[in-house]
$ cat structure_29.pdb   # PDB, C-alpha atoms
ATOM      1  CA  MET A   1     123.178 -39.873 -20.184  1.00  0.00           C
ATOM      2  CA  GLY A   2     125.706 -37.049 -19.917  1.00  0.00           C
ATOM      3  CA  THR A   3     127.191 -35.629 -16.761  1.00  0.00           C
ATOM      4  CA  ILE A   4     127.211 -31.939 -15.825  1.00  0.00           C
ATOM      5  CA  SER A   5     129.319 -30.593 -13.009  1.00  0.00           C
ATOM      6  CA  THR A   6     129.211 -27.021 -11.754  1.00  0.00           C
ATOM      7  CA  ARG A   7     130.116 -24.853  -8.808  1.00  0.00           C
ATOM      8  CA  VAL A   8     127.357 -22.805  -7.193  1.00  0.00           C
ATOM      9  CA  PRO A   9     127.363 -20.015  -4.618  1.00  0.00           C
ATOM     10  CA  GLU A  10     126.657 -21.060  -1.031  1.00  0.00           C
ATOM     11  CA  ASP A  11     123.291 -19.299  -0.931  1.00  0.00           C
ATOM     12  CA  LEU A  12     122.136 -21.188  -4.039  1.00  0.00           C
ATOM     13  CA  GLU A  13     123.356 -24.459  -2.581  1.00  0.00           C
ATOM     14  CA  ALA A  14     121.443 -23.748   0.641  1.00  0.00           C
ATOM     15  CA  GLU A  15     118.318 -23.058  -1.374  1.00  0.00           C
ATOM     16  CA  LEU A  16     118.836 -26.311  -3.278  1.00  0.00           C
ATOM     17  CA  GLU A  17     119.170 -28.192   0.011  1.00  0.00           C
ATOM     18  CA  ALA A  18     115.882 -26.701   1.220  1.00  0.00           C
ATOM     19  CA  TYR A  19     114.276 -27.757  -2.075  1.00  0.00           C
ATOM     20  CA  LEU A  20     115.650 -31.300  -1.649  1.00  0.00           C
ATOM     21  CA  ASP A  21     114.145 -31.550   1.828  1.00  0.00           C
ATOM     22  CA  GLU A  22     110.807 -30.043   0.814  1.00  0.00           C
ATOM     23  CA  GLU A  23     110.394 -32.181  -2.322  1.00  0.00           C
ATOM     24  CA  ARG A  24     112.039 -35.284  -0.790  1.00  0.00           C
ATOM     25  CA  LEU A  25     114.332 -35.719  -3.784  1.00  0.00           C
ATOM     26  CA  ASP A  26     117.923 -36.781  -4.116  1.00  0.00           C
ATOM     27  CA  ARG A  27     120.333 -34.151  -5.447  1.00  0.00           C
ATOM     28  CA  SER A  28     120.644 -35.589  -8.974  1.00  0.00           C
ATOM     29  CA  THR A  29     116.903 -35.929  -9.487  1.00  0.00           C
ATOM     30  CA  ALA A  30     116.268 -32.441  -8.144  1.00  0.00           C
ATOM     31  CA  VAL A  31     118.914 -30.830 -10.358  1.00  0.00           C
ATOM     32  CA  ARG A  32     117.575 -32.679 -13.441  1.00  0.00           C
ATOM     33  CA  LYS A  33     114.025 -31.555 -12.605  1.00  0.00           C
ATOM     34  CA  LEU A  34     115.021 -27.921 -12.042  1.00  0.00           C
ATOM     35  CA  LEU A  35     117.153 -27.877 -15.190  1.00  0.00           C
ATOM     36  CA  ALA A  36     114.314 -29.318 -17.283  1.00  0.00           C
ATOM     37  CA  GLU A  37     111.843 -26.776 -15.867  1.00  0.00           C
ATOM     38  CA  GLY A  38     114.273 -23.917 -16.464  1.00  0.00           C
ATOM     39  CA  LEU A  39     114.934 -24.949 -20.055  1.00  0.00           C
ATOM     40  CA  GLU A  40     111.204 -25.338 -20.702  1.00  0.00           C
ATOM     41  CA  ALA A  41     110.603 -21.807 -19.429  1.00  0.00           C
ATOM     42  CA  TRP A  42     113.508 -20.524 -21.553  1.00  0.00           C
ATOM     43  CA  ARG A  43     112.153 -22.225 -24.700  1.00  0.00           C
ATOM     44  CA  ARG A  44     108.715 -20.708 -24.156  1.00  0.00           C
ATOM     45  CA  GLU A  45     110.118 -17.241 -23.465  1.00  0.00           C
ATOM     46  CA  ARG A  46     112.352 -17.416 -26.528  1.00  0.00           C
ATOM     47  CA  ALA A  47     109.458 -18.655 -28.682  1.00  0.00           C
ATOM     48  CA  LEU A  48     107.289 -15.765 -27.462  1.00  0.00           C
ATOM     49  CA  ASP A  49     110.030 -13.256 -28.260  1.00  0.00           C
ATOM     50  CA  ARG A  50     110.560 -14.682 -31.740  1.00  0.00           C
ATOM     51  CA  PHE A  51     106.803 -14.795 -32.390  1.00  0.00           C
ATOM     52  CA  VAL A  52     106.297 -11.184 -31.313  1.00  0.00           C
ATOM     53  CA  ASP A  53     109.290 -10.117 -33.444  1.00  0.00           C
ATOM     54  CA  GLY A  54     107.688 -11.846 -36.439  1.00  0.00           C
ATOM     55  CA  ASP A  55     110.514 -14.368 -36.819  1.00  0.00           C
ATOM     56  CA  LEU A  56     108.212 -17.352 -36.203  1.00  0.00           C
ATOM     57  CA  SER A  57     104.615 -18.103 -37.096  1.00  0.00           C
ATOM     58  CA  LEU A  58     102.233 -19.160 -34.341  1.00  0.00           C
ATOM     59  CA  SER A  59     102.595 -22.849 -35.203  1.00  0.00           C
ATOM     60  CA  ALA A  60     106.397 -22.647 -35.585  1.00  0.00           C
ATOM     61  CA  ALA A  61     106.682 -20.846 -32.242  1.00  0.00           C
ATOM     62  CA  ALA A  62     104.479 -23.474 -30.591  1.00  0.00           C
ATOM     63  CA  GLU A  63     106.731 -26.193 -31.993  1.00  0.00           C
ATOM     64  CA  PHE A  64     109.837 -24.323 -30.779  1.00  0.00           C
ATOM     65  CA  ALA A  65     108.235 -24.000 -27.319  1.00  0.00           C
ATOM     66  CA  ASP A  66     107.355 -27.715 -27.395  1.00  0.00           C
ATOM     67  CA  CYS A  67     103.669 -27.150 -26.751  1.00  0.00           C
ATOM     68  CA  SER A  68     100.422 -27.267 -28.714  1.00  0.00           C
ATOM     69  CA  VAL A  69      99.306 -24.308 -30.810  1.00  0.00           C
ATOM     70  CA  TRP A  70      96.447 -23.766 -28.356  1.00  0.00           C
ATOM     71  CA  GLU A  71      98.781 -23.749 -25.344  1.00  0.00           C
ATOM     72  CA  PHE A  72     101.056 -21.301 -27.121  1.00  0.00           C
ATOM     73  CA  ALA A  73      98.107 -19.090 -28.076  1.00  0.00           C
ATOM     74  CA  ASP A  74      97.236 -18.946 -24.361  1.00  0.00           C
ATOM     75  CA  LEU A  75     100.827 -17.910 -23.581  1.00  0.00           C
ATOM     76  CA  VAL A  76     100.632 -15.138 -26.165  1.00  0.00           C
ATOM     77  CA  GLU A  77      97.315 -13.964 -24.752  1.00  0.00           C
ATOM     78  CA  ASP A  78      98.769 -13.929 -21.224  1.00  0.00           C
ATOM     79  CA  THR A  79     101.568 -11.603 -22.361  1.00  0.00           C
ATOM     80  CA  ASP A  80      99.202  -9.191 -24.149  1.00  0.00           C
ATOM     81  CA  ALA A  81     101.440  -9.474 -27.220  1.00  0.00           C
ATOM     82  CA  ALA A  82      99.948  -8.214 -30.455  1.00  0.00           C
ATOM     83  CA  TRP A  83      98.854 -11.036 -32.755  1.00  0.00           C
ATOM     84  CA  VAL A  84      98.870  -8.887 -35.850  1.00  0.00           C
ATOM     85  CA  ALA A  85     101.109  -5.969 -36.732  1.00  0.00           C
ATOM     86  CA  ALA A  86      99.230  -2.674 -36.810  1.00  0.00           C
ATOM     87  CA  ASP A  87     100.170  -1.956 -40.432  1.00  0.00           C
ATOM     88  CA  HIS A  88      98.788  -5.345 -41.544  1.00  0.00           C
ATOM     89  CA  LEU A  89      95.591  -4.777 -39.605  1.00  0.00           C
ATOM     90  CA  GLU A  90      95.056  -1.337 -41.148  1.00  0.00           C
ATOM     91  CA  ALA A  91      95.636  -2.718 -44.648  1.00  0.00           C
ATOM     92  CA  ASP A  92      93.140  -5.522 -44.032  1.00  0.00           C
ATOM     93  CA  LEU A  93      90.556  -3.061 -42.704  1.00  0.00           C
ATOM     94  CA  ASP A  94      91.059  -0.805 -45.735  1.00  0.00           C
ATOM     95  CA  GLU A  95      90.280  -3.738 -48.023  1.00  0.00           C
ATOM     96  CA  LEU A  96      86.935  -4.256 -46.307  1.00  0.00           C
TER      97      LEU A  96
END
$ encode --input "structure_29.pdb" --output "structure tokens"
Amino acid sequence: MGTISTRVPEDLEAELEAYLDEERLDRSTAVRKLLAEGLEAWRRERALDRFVDGDLSLSAAAEFADCSVWEFADLVEDTDAAWVAADHLEADLDEL
């Protein structure tokens, strides 16, 4: 396991201390937990951005976000992101 060392502003350290007390965690466990949660949120946000931009398919974005396709579909629905580009939808409707 690697080691990460960083300096943080006093207000952030105070907030971390409050979190440690509230969650009854030691500092290392708390920092690992918060880092993991932050990276998970970042992966999901990045996957959503890349999906909406058309860089990733739904299944590839779900894999990038480290969740199931169904969980990712729920994330997309929650953001009101368009599933299909308007020009593709119009072309499909014209073919009907």
$ resolve_selection --input "structure_29.pdb" --expression "the PyMOL selection byres ((chain A and resi 49-58) around 12)" --output "PyMOL selection string"
chain A and resi 42-48+59-65+67-77+79-85
$ closest_residue --input "structure_29.pdb" --among "A:Ala30, A:Ala36, A:Ala41, A:Met1" --to "Glu17 of chain A" --atoms "all atoms listed in the file"
A:Ala30
$ closest_residue --input "structure_29.pdb" --among "A:Asp78, A:Leu25, A:Val31, A:Asp66" --to "Glu13 of chain A" --atoms "only C-alpha atoms"
A:Val31
$ atom_distance --input "structure_29.pdb" --atom1 "atom CA of Leu20 of chain A" --atom2 "atom CA of Glu40 of chain A"
20.5 Å
$ atom_distance --input "structure_29.pdb" --atom1 "atom CA of Ile4 of chain A" --atom2 "atom CA of Arg32 of chain A"
10.0 Å
$ atom_distance --input "structure_29.pdb" --atom1 "atom CA of Arg7 of chain A" --atom2 "atom CA of Tyr19 of chain A"
17.5 Å
